[in-house]
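S.K.: This is the structure, below, for whatever I ask next.
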Amino acid sequence: MSRYNFREVEETWQRNWDDRASFKVGEDSDRPKYYVLEMFPYPSGRIHMGHVRNYTMGDVVARYKRAKGFNVIHPMGWDAFGLPAENAAIERKIHPAEWTYENIATMRGQLQSMGLSLDWDREIATCHPGYYVHQQRMFVDFLEAGLAYRGESVVNWDPVDGTVLANEQVIDGKGWRSGAPVEQKKLSQWFFRITAYSQELLDALATLDRWPDKVRMMQTNWIGRSEGARIYFEIENRDDRLEVYTTRPDTLYGASFCALSPNHPLAAELARNNTDLAAFIEECARMGTSEAVIEAAEKKGFDTGLKIRHPFIDGKTLPLYVANFVLMEYGAGAIFGCPAHDQRDLDFARKYGLDVVPVVLPANADAATFTVGDEAYTGDGTAINSGFMDGMSVDEAKAAAIARLEEMKAGKGTVEFRLRDWGISRQRYWGCPIPVIHCEACGAVPVPKDDLPVLLPDDITFDAPGNPLERHPSWKDAPCPSCGKPARRDTDTMDTFVDSSWYFARFCSPRADVPVDRAAVDYWLPVDQYIGGVEHAILHLLYSRFFVRAMKACGYLSIDEPFAGLFTQGMVCHETYRDEGGNWLYPDEIEKTGDAAAKHRDTGKPVTIGRSESMSKSKRNTVDPEEIIKSYGADTARWFMLSDSPPERDLEWTDAGVDGAWRYLNRIYRLIDEQKDGLNPPGAAQPDQFDEAAIELRRATHQAIEGVTYDLEDFGFNRAVAKIRALTNAVGNAVSTFGSDLSAPGRAWALREALETAVRLMNPMVPHLAESLWETLGHDVALTEMNWPVADAALLQQDIVTIAVQVNGKLRGTLDLPRGVEKDEAEKAALALPAVTRATDGKTLRKVIVVPDRVINVVV
RNA sequence: GCGGGCGUGGCGGAACUGGUAGACGCAACGGACUUAAAAUCCGUUUCCCUUCGGGGAGUGCAGGUUCGAGCCCUGCCGCCCGCACCA
């Protein structure tokens with residue numbers, strides 16, 4: 001008897017697939033295509049369990065679809081630009097490129113050891129000039145199409161590191177690395193005009209029916225469409241007008257003040273002659289934008305002394321404040337306040353003693369007595385105190401107010417979005433250079449496409465803070481492409497989210513000398529199944545949706561949406577451990593001494609076991625996939641990843657769970673090893689007779705095919721695993737029923753069918769073992785070339801069905817009856833059951849419900 | 001605050017459109033094999049009562065609809081996630 005040698009099996013089959021180029025694909029019009037993609041990794045150094053889970057799921061889908069006859073493309077690459085490479089450069093004096101490519105080499109090897117069915121010929125790295133040259137081309141195209149532009153915006157600026165920070169990199173108002181208080185700074189940057197597609201990005205969400213509702217909801221909220229009105233208020237003693245945005249023009253009669261954002265140009269203008277106002281604005285800027293600050297912040301305002309004329313009420317004026325809660329980025333950067341019907345306005349009004357005039361009367365309230373106390377009334381109702389709008393519903397009043405404003409040329413109805421254009425400039429070295437040259441005479445001039453790529457210089461230093469490209473002695477000097485005079489390169493690089501916004505398209509023609517080969521993208525796109533973490537629900541997934549629209553506008557492709565199907569997987573979690581001093585400990589530093597107790601492996605000191613949390617280096621609750629693969633094999637890791645937890649939910653990594661997976665794989669290995677010699681040869685003709693035991697096994701086999709197929713179509717990997725295990729149990733039972741006698745009609749055949757089926761069903765999940773067992777069963781065609789098994793419908797139904805018998809809905813017994821038995825007959829049998837007669841004794845039979853082949857309910 | 005999701009044994013989780021709740025595993029316990037251990041195999045395992053025939057309760061809580069509810073409806077409670085001064 002042989003033992004399952006996973007090391008040898010996994011190496012053999014990985015080499016075999018490689019030698020036979022099993023996963024290399026090209027366009028093939030004869031077969032339906034299927035594009036499976038997992039979010040590509042950042043080459044941080046080593047793969048982690050989250051990668052293992054993600055890529056295992058993708059591989060199951062890829063191998064399953066392949067067996068179903070699809071021409072499956074399943075590529076892999078590297079999201080290789082980004083900050084950590086620069087940090088490594090600073091900390092370890094290693095060039096970002098070197099660090100990145102070394103990491104890629106390590107991680108490629110690790111992924112290969114997982115046995116993924118990837119077409120490695122399509123591998124790309126976004127930091128490679130062969131990739132980013134095309135990104136620079138498209139940038140120029142976008143520029144020409146008006147989809148990229150240069151603009152000013154307020155950014156998070158870290159004065160110590162000398163760079164812009166993303167919002168995520170600002171923690172409690174301080175730079176995450178330098179710890180310096182972040183400043184709000186106005187900078188000229190490049191933008192992608194994602195807002196040109198606001199409505200379209202919103203509308204098209206409805207077509208993404210294979211996306212999680214949650215993600216669509218999040219994008220809907222992020223895009224943030226609202227309908228309302230722009231109002232142009234006249235300002236007393238000034239020529240210009242004040243523009244505000246509101247969603248409640250119906251409450252205009254209840255207005256008691258107007259307020260500007262501290263960043264509003266008018267506020268800045270007024271501050272020039274008013275030091276108190278200047279100080280107030282300064283204070284607002286310092287306050288920062290972190291949530292905690294906003295939560296606690298008091299509504300504060302500064303009365304500018306200016307008076308705003310009410311458009312509908314002759315002679316009425318409203319005071320104009322600068323208020324800390326008004327955002328420059330939304331609407332017009334200015335508001336009118338109606339305290340009775342907006343909580344924030346109410347707080348503000350109470351603080352500054354402003355009028356609170358109710359103008360919407362709730363349905364069951366009395367106009368004579370209705371007042372607003374501490375809570376603003378934001379609901380529906382009837383307009384009151386509102387002149388021409390009195391008596392209208394909120395919706396009618398909105399329309400009427402807009403109509404009147406438009407008539408007076410004092411405003412108009414508008415649709416507003418929360419979505420902002422995408423600022424892509426980063427003051428970083430390790431990113432795609434922005435292909436623009438700034439000329440004093442000609443302005444910002446794109447680098448001609450023939451001169452691309454603009455390559456990153458290799459000879460850079462990280463010995464001072466700030467952008468190495470800016471400090472480079474000569475790189476930024478370049479002649480103006482337009483007039484030829486000395487000019488200056490843009491020293492910013494693109495946000496790395498740009499890189500990941502189109503990589504899925506590049507995979508279709510990874511070596512093309514244009515961004516994408518038209519025939520290839522027309523064949524392969526869109527991605528049929530995309531798999532990744534929910535943390536990308538907005539940024540990456542929204543940017544990519546924008547990018548394909550922009551690419552379409554520039555004639556590169558013709559799809560509307562990049563990802564037809566999306567699956568967001570849960571995280572991998574693990575218990576946490578701390579020593580007496582509160583320091584985090586790695587799982588391999590501790591030893592369990594009981595159910596909820598542990599000690600330090602070396603010191604023997606007690607260890608506190610904390611709750612299970614997402615694996616992270618900072619909490620040291622990580623398990624290295626490479627160690628697991630080395631000691632148990634990739635298949636065990638894969639099988640465990642797919643068992644137990646539904647893929648969209650978090651998975652708890654436990655040693656016991658891994659052992660369980662390991663035990664099962666050994667069990668099926670042993671089972672086949674023990675039975676293989678007694679089986680008939682592969683491909684033997686189906687006998688025409690089966691005894692009862694053989695039929696029972698065949699039923700289990702075909703139910704497993706049916707169930708596993710259904711589950712795999714539906715991302716029910718945990719259920720599929722359970723059904724394969726159930727089939728294995730059924731084989732085990734059959735083997736003991738059969739004993740050593742396989743001569744009864746059909747037994748040997750049914751046993752082979754069951755074992756072969758189990759192997760084929762588990763192939764997408766544990767491909768090395770499955771291939772090996774398939775070979776053991778006497779086949780010389782690899783499973784990668786085999787079709788998916790098909791269930792025999794005749795075997796899915798049982799001839800004898802077990803029917804539940806209830807009395808008043810309570811289970812009293814069961815009946816085994818032939819399928820399709822007459823209702824009367826079933827009813828008679830049910831009423832004759834001792835448990836039923838006992839329960840109905842002395843009571844009047846009211847009625848009997850018979851659900852054919854399912855349940856009989858006796859009502860008394 | 002707004003939006004969304006989820007509550008099922010000791011644990012992870014099954015349960016097709018309302019029809020035998022607890023599949024499949026983990027852990028635990030008992031047994032077989034063994035000098036012993038590991039490995040493996042067999043069995044038990046929702047809870048309570050039991051005269052061992054059974055009986056009762058049970059899917060967060062309280063109601064409702066239905067012959068029948070884990071699933072549908074109403075109201076609570078708890079947990080998780082996202083957004084957050086969005087006018």
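For the structure tokens, the naming scheme is as follows: chains receive sequential letters (A, B, ...) according to their order of presentation, residues are indexed from 1 within each chain, and ligands are indexed from 1 in presentation order.
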Please, which residues in chain B fall within 8 Å of chain A when counting only C-alpha atoms (C1' of nucleotides), and what is the closest atom pair and distance in Å to one decimal for each, ordered by chain then residue number, as CSV?
M.R.:
```
residue,atom,partner,partner_atom,distance
B:G4,C1',A:Lys214,CA,6.6
B:G12,C1',A:Asp644,CA,5.7
B:G13,C1',A:Asp644,CA,6.0
B:A14,C1',A:Arg719,CA,7.6
B:G19,C1',A:Val855,CA,5.9
B:U20,C1',A:Ala804,CA,5.2
B:A23,C1',A:Ala722,CA,7.8
B:C24,C1',A:Ala722,CA,4.2
B:G25,C1',A:Asp644,CA,6.9
B:C26,C1',A:Gly657,CA,6.6
B:C67,C1',A:Ile849,CA,6.3
B:G68,C1',A:Gly809,CA,5.0
B:G82,C1',A:Met218,CA,6.9
B:C83,C1',A:Asn221,CA,7.5
B:A84,C1',A:Glu291,CA,7.9
B:C85,C1',A:Phe325,CA,4.9
B:C86,C1',A:Tyr330,CA,6.3
B:A87,C1',A:Thr246,CA,5.6
```
S.K.: Could you go through segment 313-496 of chain A and tell me which residues DSSP, when run on the backbone, assigns to strand (DSSP E), listing them as a PyMOL selection string?
M.R.: chain A and resi 317-323+334-337+360-361+382-383+411-416+422-423+425-426+436-439+443-446+477-479+486-489+493-494
S.K.: Step one, run DSSP on the backbone; step two, keep only residues of segment 556-650 of chain A assigned to alpha helix (DSSP H); then write them as JSON, numbers by chain.
M.R.: {"A": [625, 626, 627, 628, 629, 630, 631, 632, 634, 635, 636, 637, 638, 639, 640, 641, 642]}
S.K.: For the selection you just gave me, I'd like the residues written to a file as a short mmCIF file (atom, residue, chain, number, x, y, z; two decimals), in the first residue's frame, keeping all heavy atoms.
M.R.:
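Saved as selection-v9.cif:
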```cif
data_model
loop_
_atom_site.label_atom_id
_atom_site.label_comp_id
_atom_site.auth_asym_id
_atom_site.auth_seq_id
_atom_site.Cartn_x
_atom_site.Cartn_y
_atom_site.Cartn_z
N PRO A 625 1.59 31.06 4.16
CA PRO A 625 1.12 30.02 3.23
C PRO A 625 2.25 29.08 2.81
O PRO A 625 2.02 27.87 2.63
CB PRO A 625 0.61 30.80 2.03
CG PRO A 625 0.32 32.16 2.53
CD PRO A 625 1.27 32.41 3.67
N GLU A 626 3.45 29.62 2.64
CA GLU A 626 4.54 28.77 2.16
C GLU A 626 4.80 27.63 3.14
O GLU A 626 5.06 26.49 2.74
CB GLU A 626 5.80 29.60 1.96
CG GLU A 626 6.85 28.86 1.17
CD GLU A 626 8.02 29.74 0.76
OE1 GLU A 626 7.77 30.83 0.22
OE2 GLU A 626 9.16 29.33 1.02
N GLU A 627 4.72 27.93 4.44
CA GLU A 627 4.93 26.90 5.45
C GLU A 627 3.86 25.82 5.34
O GLU A 627 4.15 24.63 5.45
CB GLU A 627 4.88 27.52 6.85
CG GLU A 627 6.04 28.46 7.15
CD GLU A 627 7.39 27.77 7.00
OE1 GLU A 627 7.53 26.64 7.51
OE2 GLU A 627 8.28 28.35 6.35
N ILE A 628 2.64 26.25 5.15
CA ILE A 628 1.54 25.29 5.05
C ILE A 628 1.71 24.42 3.81
O ILE A 628 1.54 23.19 3.86
CB ILE A 628 0.18 26.04 4.99
CG1 ILE A 628 -0.04 26.83 6.29
CG2 ILE A 628 -0.97 25.07 4.74
CD1 ILE A 628 -0.17 25.98 7.53
N ILE A 629 2.07 25.06 2.71
CA ILE A 629 2.23 24.31 1.46
C ILE A 629 3.38 23.32 1.60
O ILE A 629 3.31 22.18 1.13
CB ILE A 629 2.42 25.27 0.27
CG1 ILE A 629 1.11 26.01 0.00
CG2 ILE A 629 2.88 24.52 -0.98
CD1 ILE A 629 1.20 27.14 -0.99
N LYS A 630 4.42 23.74 2.29
CA LYS A 630 5.56 22.84 2.48
C LYS A 630 5.20 21.64 3.35
O LYS A 630 5.64 20.52 3.08
CB LYS A 630 6.73 23.59 3.13
CG LYS A 630 7.63 24.24 2.09
CD LYS A 630 8.88 24.81 2.73
CE LYS A 630 9.72 25.55 1.71
NZ LYS A 630 10.37 26.74 2.30
N SER A 631 4.41 21.86 4.41
CA SER A 631 4.18 20.74 5.30
C SER A 631 2.92 19.95 4.99
O SER A 631 2.82 18.79 5.40
CB SER A 631 4.20 21.19 6.76
OG SER A 631 3.56 22.42 6.92
N TYR A 632 1.96 20.54 4.28
CA TYR A 632 0.73 19.80 3.97
C TYR A 632 0.47 19.71 2.47
O TYR A 632 -0.34 18.89 2.04
CB TYR A 632 -0.49 20.47 4.60
CG TYR A 632 -0.57 20.38 6.09
CD1 TYR A 632 -0.05 21.39 6.90
CD2 TYR A 632 -1.20 19.30 6.70
CE1 TYR A 632 -0.14 21.32 8.28
CE2 TYR A 632 -1.30 19.22 8.08
CZ TYR A 632 -0.77 20.24 8.87
OH TYR A 632 -0.87 20.16 10.22
N ALA A 634 -0.18 22.04 -1.36
CA ALA A 634 -1.10 23.07 -1.84
C ALA A 634 -2.54 22.59 -1.81
O ALA A 634 -3.45 23.35 -1.47
CB ALA A 634 -0.72 23.47 -3.27
N ASP A 635 -2.76 21.32 -2.14
CA ASP A 635 -4.13 20.83 -2.19
C ASP A 635 -4.81 20.89 -0.83
O ASP A 635 -5.99 21.21 -0.73
CB ASP A 635 -4.16 19.39 -2.73
CG ASP A 635 -4.01 19.35 -4.25
OD1 ASP A 635 -4.24 20.40 -4.89
OD2 ASP A 635 -3.67 18.29 -4.79
N THR A 636 -4.07 20.57 0.22
CA THR A 636 -4.65 20.65 1.56
C THR A 636 -5.05 22.09 1.87
O THR A 636 -6.14 22.36 2.37
CB THR A 636 -3.66 20.13 2.62
OG1 THR A 636 -3.40 18.76 2.37
CG2 THR A 636 -4.23 20.30 4.02
N ALA A 637 -4.15 23.03 1.55
CA ALA A 637 -4.45 24.44 1.79
C ALA A 637 -5.68 24.85 0.99
O ALA A 637 -6.57 25.53 1.49
CB ALA A 637 -3.25 25.30 1.42
N ARG A 638 -5.73 24.42 -0.26
CA ARG A 638 -6.85 24.79 -1.11
C ARG A 638 -8.16 24.20 -0.58
O ARG A 638 -9.18 24.89 -0.51
CB ARG A 638 -6.60 24.28 -2.54
CG ARG A 638 -5.44 24.97 -3.24
CD ARG A 638 -5.08 24.28 -4.55
NE ARG A 638 -6.18 24.27 -5.49
CZ ARG A 638 -6.12 24.75 -6.74
NH1 ARG A 638 -5.00 25.24 -7.22
NH2 ARG A 638 -7.18 24.72 -7.51
N TRP A 639 -8.11 22.91 -0.24
CA TRP A 639 -9.31 22.23 0.25
C TRP A 639 -9.83 22.90 1.51
O TRP A 639 -11.03 23.14 1.67
CB TRP A 639 -8.99 20.76 0.49
CG TRP A 639 -10.16 19.89 0.80
CD1 TRP A 639 -10.51 19.39 2.01
CD2 TRP A 639 -11.14 19.39 -0.13
NE1 TRP A 639 -11.63 18.61 1.91
CE2 TRP A 639 -12.05 18.60 0.61
CE3 TRP A 639 -11.35 19.55 -1.50
CZ2 TRP A 639 -13.14 17.95 0.02
CZ3 TRP A 639 -12.44 18.90 -2.08
CH2 TRP A 639 -13.31 18.12 -1.33
N PHE A 640 -8.93 23.21 2.41
CA PHE A 640 -9.35 23.86 3.66
C PHE A 640 -9.95 25.24 3.39
O PHE A 640 -10.98 25.61 3.96
CB PHE A 640 -8.16 24.00 4.61
CG PHE A 640 -8.50 24.82 5.83
CD1 PHE A 640 -9.48 24.40 6.71
CD2 PHE A 640 -7.87 26.03 6.07
CE1 PHE A 640 -9.82 25.16 7.82
CE2 PHE A 640 -8.21 26.79 7.17
CZ PHE A 640 -9.19 26.36 8.04
N MET A 641 -9.32 25.98 2.48
CA MET A 641 -9.81 27.31 2.13
C MET A 641 -11.26 27.28 1.64
O MET A 641 -12.00 28.23 1.79
CB MET A 641 -8.96 27.90 1.00
CG MET A 641 -7.66 28.50 1.47
SD MET A 641 -8.03 29.99 2.39
CE MET A 641 -6.40 30.43 2.94
N LEU A 642 -11.62 26.18 1.00
CA LEU A 642 -12.94 26.10 0.38
C LEU A 642 -13.97 25.46 1.29
O LEU A 642 -15.17 25.59 1.07
CB LEU A 642 -12.84 25.29 -0.92
CG LEU A 642 -11.90 25.89 -1.98
CD1 LEU A 642 -11.59 24.87 -3.05
CD2 LEU A 642 -12.50 27.14 -2.59
#
```
S.K.: Would you mind reading off the distance between atom CA of Arg137 of chain A and atom CA of Cys432 of chain A, one decimal, in Å?
M.R.: 11.4 Å
S.K.: Rounded to one decimal, what separation in Å do you get between atom CA of Gly58 of chain A and atom CA of Met39 of chain A?
M.R.: 9.7 Å
S.K.: Go through B:A39, B:C6, B:C49, B:C33 and flag the residue nearest G78 of chain B, using only C-alpha atoms (C1' of nucleotides) for the distances.
M.R.: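 Smallest distance to G78 of chain B is found for B:C6.
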S.K.: Leaving out Asp395 of chain A and any residue of its chain fewer than 2 positions from it, which residues lie within 12 Å of it when counting only C-alpha atoms (C1' of nucleotides), given as an MDAnalysis selection string?
M.R.: chainID A and resid 227:228 247:251 360 379:383 389 391:393 397:402
S.K.: Could you please take those selected residues and save N, CA, C and O atoms as an mmCIF file, in the first residue's frame?
M.R.:
```
data_model
loop_
_atom_site.group_PDB
_atom_site.id
_atom_site.type_symbol
_atom_site.label_atom_id
_atom_site.label_comp_id
_atom_site.auth_asym_id
_atom_site.auth_seq_id
_atom_site.Cartn_x
_atom_site.Cartn_y
_atom_site.Cartn_z
ATOM 1 N N GLU A 227 -31.261 65.704 -6.540
ATOM 2 C CA GLU A 227 -31.951 66.690 -7.355
ATOM 3 C C GLU A 227 -32.278 67.893 -6.499
ATOM 4 O O GLU A 227 -32.682 67.751 -5.345
ATOM 5 N N GLY A 228 -32.114 69.058 -7.049
ATOM 6 C CA GLY A 228 -32.394 70.250 -6.270
ATOM 7 C C GLY A 228 -32.356 71.485 -7.150
ATOM 8 O O GLY A 228 -32.735 71.420 -8.313
ATOM 9 N N THR A 247 -31.418 71.071 -1.874
ATOM 10 C CA THR A 247 -32.355 70.032 -2.317
ATOM 11 C C THR A 247 -33.767 70.366 -1.836
ATOM 12 O O THR A 247 -34.697 69.638 -2.127
ATOM 13 N N ARG A 248 -33.852 71.453 -1.091
ATOM 14 C CA ARG A 248 -35.169 71.807 -0.537
ATOM 15 C C ARG A 248 -35.593 73.228 -0.894
ATOM 16 O O ARG A 248 -35.835 74.067 0.000
ATOM 17 N N PRO A 249 -35.730 73.513 -2.182
ATOM 18 C CA PRO A 249 -36.173 74.870 -2.544
ATOM 19 C C PRO A 249 -37.564 75.178 -1.973
ATOM 20 O O PRO A 249 -37.923 76.343 -1.840
ATOM 21 N N ASP A 250 -38.308 74.133 -1.624
ATOM 22 C CA ASP A 250 -39.646 74.353 -1.055
ATOM 23 C C ASP A 250 -39.594 75.035 0.299
ATOM 24 O O ASP A 250 -40.595 75.582 0.755
ATOM 25 N N THR A 251 -38.432 75.001 0.953
ATOM 26 C CA THR A 251 -38.353 75.596 2.298
ATOM 27 C C THR A 251 -37.787 77.007 2.274
ATOM 28 O O THR A 251 -37.400 77.553 3.305
ATOM 29 N N VAL A 360 -43.188 73.640 6.633
ATOM 30 C CA VAL A 360 -43.813 72.377 6.241
ATOM 31 C C VAL A 360 -44.574 71.858 7.446
ATOM 32 O O VAL A 360 -44.013 71.701 8.528
ATOM 33 N N GLY A 379 -39.590 65.617 7.457
ATOM 34 C CA GLY A 379 -40.505 64.748 6.717
ATOM 35 C C GLY A 379 -41.381 65.498 5.727
ATOM 36 O O GLY A 379 -41.215 66.689 5.466
ATOM 37 N N ASP A 380 -42.348 64.739 5.198
ATOM 38 C CA ASP A 380 -43.278 65.266 4.211
ATOM 39 C C ASP A 380 -44.353 66.098 4.916
ATOM 40 O O ASP A 380 -44.489 66.045 6.142
ATOM 41 N N GLY A 381 -45.117 66.847 4.142
ATOM 42 C CA GLY A 381 -46.185 67.614 4.743
ATOM 43 C C GLY A 381 -46.732 68.652 3.774
ATOM 44 O O GLY A 381 -46.541 68.551 2.564
ATOM 45 N N THR A 382 -47.395 69.637 4.330
ATOM 46 C CA THR A 382 -48.042 70.678 3.534
ATOM 47 C C THR A 382 -47.340 72.010 3.775
ATOM 48 O O THR A 382 -47.025 72.347 4.916
ATOM 49 N N ALA A 383 -47.114 72.753 2.698
ATOM 50 C CA ALA A 383 -46.421 74.038 2.830
ATOM 51 C C ALA A 383 -47.284 75.049 3.576
ATOM 52 O O ALA A 383 -48.479 75.179 3.312
ATOM 53 N N MET A 389 -46.778 79.093 -2.326
ATOM 54 C CA MET A 389 -46.685 77.636 -2.224
ATOM 55 C C MET A 389 -47.626 77.044 -1.177
ATOM 56 O O MET A 389 -47.765 75.829 -1.086
ATOM 57 N N GLY A 391 -50.145 75.248 1.000
ATOM 58 C CA GLY A 391 -51.089 74.181 0.683
ATOM 59 C C GLY A 391 -50.518 73.097 -0.203
ATOM 60 O O GLY A 391 -51.128 72.046 -0.373
ATOM 61 N N MET A 392 -49.356 73.343 -0.787
ATOM 62 C CA MET A 392 -48.778 72.318 -1.672
ATOM 63 C C MET A 392 -48.053 71.256 -0.856
ATOM 64 O O MET A 392 -47.627 71.502 0.259
ATOM 65 N N SER A 393 -47.906 70.067 -1.474
ATOM 66 C CA SER A 393 -47.060 69.032 -0.871
ATOM 67 C C SER A 393 -45.602 69.433 -1.078
ATOM 68 O O SER A 393 -45.311 70.356 -1.851
ATOM 69 N N ALA A 397 -44.291 71.802 -4.046
ATOM 70 C CA ALA A 397 -43.662 73.067 -3.682
ATOM 71 C C ALA A 397 -42.260 73.181 -4.265
ATOM 72 O O ALA A 397 -41.835 74.249 -4.697
ATOM 73 N N LYS A 398 -41.535 72.054 -4.282
ATOM 74 C CA LYS A 398 -40.198 72.076 -4.887
ATOM 75 C C LYS A 398 -40.296 72.524 -6.339
ATOM 76 O O LYS A 398 -39.553 73.403 -6.797
ATOM 77 N N ALA A 399 -41.221 71.886 -7.069
ATOM 78 C CA ALA A 399 -41.383 72.208 -8.488
ATOM 79 C C ALA A 399 -41.801 73.662 -8.666
ATOM 80 O O ALA A 399 -41.294 74.371 -9.543
ATOM 81 N N ALA A 400 -42.718 74.116 -7.821
ATOM 82 C CA ALA A 400 -43.227 75.490 -7.937
ATOM 83 C C ALA A 400 -42.125 76.501 -7.643
ATOM 84 O O ALA A 400 -42.000 77.536 -8.331
ATOM 85 N N ALA A 401 -41.319 76.210 -6.626
ATOM 86 C CA ALA A 401 -40.245 77.138 -6.262
ATOM 87 C C ALA A 401 -39.235 77.242 -7.399
ATOM 88 O O ALA A 401 -38.783 78.340 -7.750
ATOM 89 N N ILE A 402 -38.909 76.067 -7.987
ATOM 90 C CA ILE A 402 -37.941 76.074 -9.089
ATOM 91 C C ILE A 402 -38.504 76.859 -10.276
ATOM 92 O O ILE A 402 -37.815 77.688 -10.871
#
```
S.K.: Ranking A:Thr709, A:Thr737, A:Asn237, A:Asn729 by minimum distance to Ala693 of chain A and counting only C-alpha atoms, which one comes first?
M.R.: A:Thr737
S.K.: Report, in Å to a single decimal, how far apart atom CA of Asp513 of chain A and atom CA of Phe497 of chain A are.
M.R.: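 Atom-to-atom, atom CA of Phe497 of chain A to atom CA of Asp513 of chain A, that is 22.3 Å.
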S.K.: Name the residues in contact with Asp459 of chain A at a cut-off of 12 Å, using only C-alpha atoms (C1' of nucleotides), excluding same-chain residues fewer than 5 positions from it; report them as number ranges by chain.
M.R.: A: 94-97, 429, 468-469, 471-475
S.K.: Taking 6 positions as the minimum chain separation for residues in the same chain, which residues sit within 8 Å of segment 310-321 of chain A when counting only C-alpha atoms (C1' of nucleotides)? Answer as a list in words.
M.R.: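 That gives Phe233, Glu234, Tyr253, Ala255, Ser256, Phe257, Cys258, Ala259, Leu260, Gly301, Phe302, Asp303, Thr304, Leu405 and Ala410 of chain A.
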S.K.: So that I can check the surroundings of segment 446-454 of chain A, please list as number ranges by chain every protein, DNA and RNA residue that reaches within 9 Å of it, counting only C-alpha atoms (C1' of nucleotides) and ignoring chain neighbours fewer than 5 positions away.
M.R.: A: 129-130, 132-134, 136-137, 139-140, 143, 432-438, 480-481
S.K.: Quick one: everything within 7 Å of His48 of chain A, counting only C-alpha atoms (C1' of nucleotides), minus sequence neighbours fewer than 3 positions away in the same chain. Send it as an mmCIF file with all heavy atoms, in the first residue's frame.
M.R.:
```cif
data_model
loop_
_atom_site.group_PDB
_atom_site.id
_atom_site.type_symbol
_atom_site.label_atom_id
_atom_site.label_comp_id
_atom_site.auth_asym_id
_atom_site.auth_seq_id
_atom_site.Cartn_x
_atom_site.Cartn_y
_atom_site.Cartn_z
ATOM 1 N N HIS A 51 -4.357 36.038 -0.356
ATOM 2 C CA HIS A 51 -4.065 35.682 -1.747
ATOM 3 C C HIS A 51 -4.461 34.235 -2.010
ATOM 4 O O HIS A 51 -5.075 33.922 -3.026
ATOM 5 C CB HIS A 51 -2.562 35.823 -2.044
ATOM 6 C CG HIS A 51 -2.056 37.229 -2.029
ATOM 7 N ND1 HIS A 51 -0.924 37.593 -1.320
ATOM 8 C CD2 HIS A 51 -2.500 38.362 -2.615
ATOM 9 C CE1 HIS A 51 -0.706 38.890 -1.492
ATOM 10 N NE2 HIS A 51 -1.647 39.383 -2.270
ATOM 11 N N VAL A 52 -4.059 33.354 -1.089
ATOM 12 C CA VAL A 52 -4.333 31.933 -1.288
ATOM 13 C C VAL A 52 -5.835 31.707 -1.455
ATOM 14 O O VAL A 52 -6.286 30.991 -2.343
ATOM 15 C CB VAL A 52 -3.789 31.093 -0.116
ATOM 16 C CG1 VAL A 52 -4.179 29.627 -0.272
ATOM 17 C CG2 VAL A 52 -2.271 31.232 -0.023
ATOM 18 N N ASP A 624 1.995 31.708 7.501
ATOM 19 C CA ASP A 624 2.651 31.840 6.208
ATOM 20 C C ASP A 624 2.217 30.714 5.273
ATOM 21 O O ASP A 624 2.428 29.539 5.581
ATOM 22 C CB ASP A 624 4.177 31.789 6.428
ATOM 23 C CG ASP A 624 4.931 32.023 5.133
ATOM 24 O OD1 ASP A 624 4.284 32.201 4.083
ATOM 25 O OD2 ASP A 624 6.176 32.040 5.177
ATOM 26 N N PRO A 625 1.592 31.057 4.155
ATOM 27 C CA PRO A 625 1.124 30.017 3.234
ATOM 28 C C PRO A 625 2.251 29.080 2.805
ATOM 29 O O PRO A 625 2.025 27.873 2.632
ATOM 30 C CB PRO A 625 0.614 30.803 2.025
ATOM 31 C CG PRO A 625 0.319 32.162 2.533
ATOM 32 C CD PRO A 625 1.273 32.410 3.667
#
```
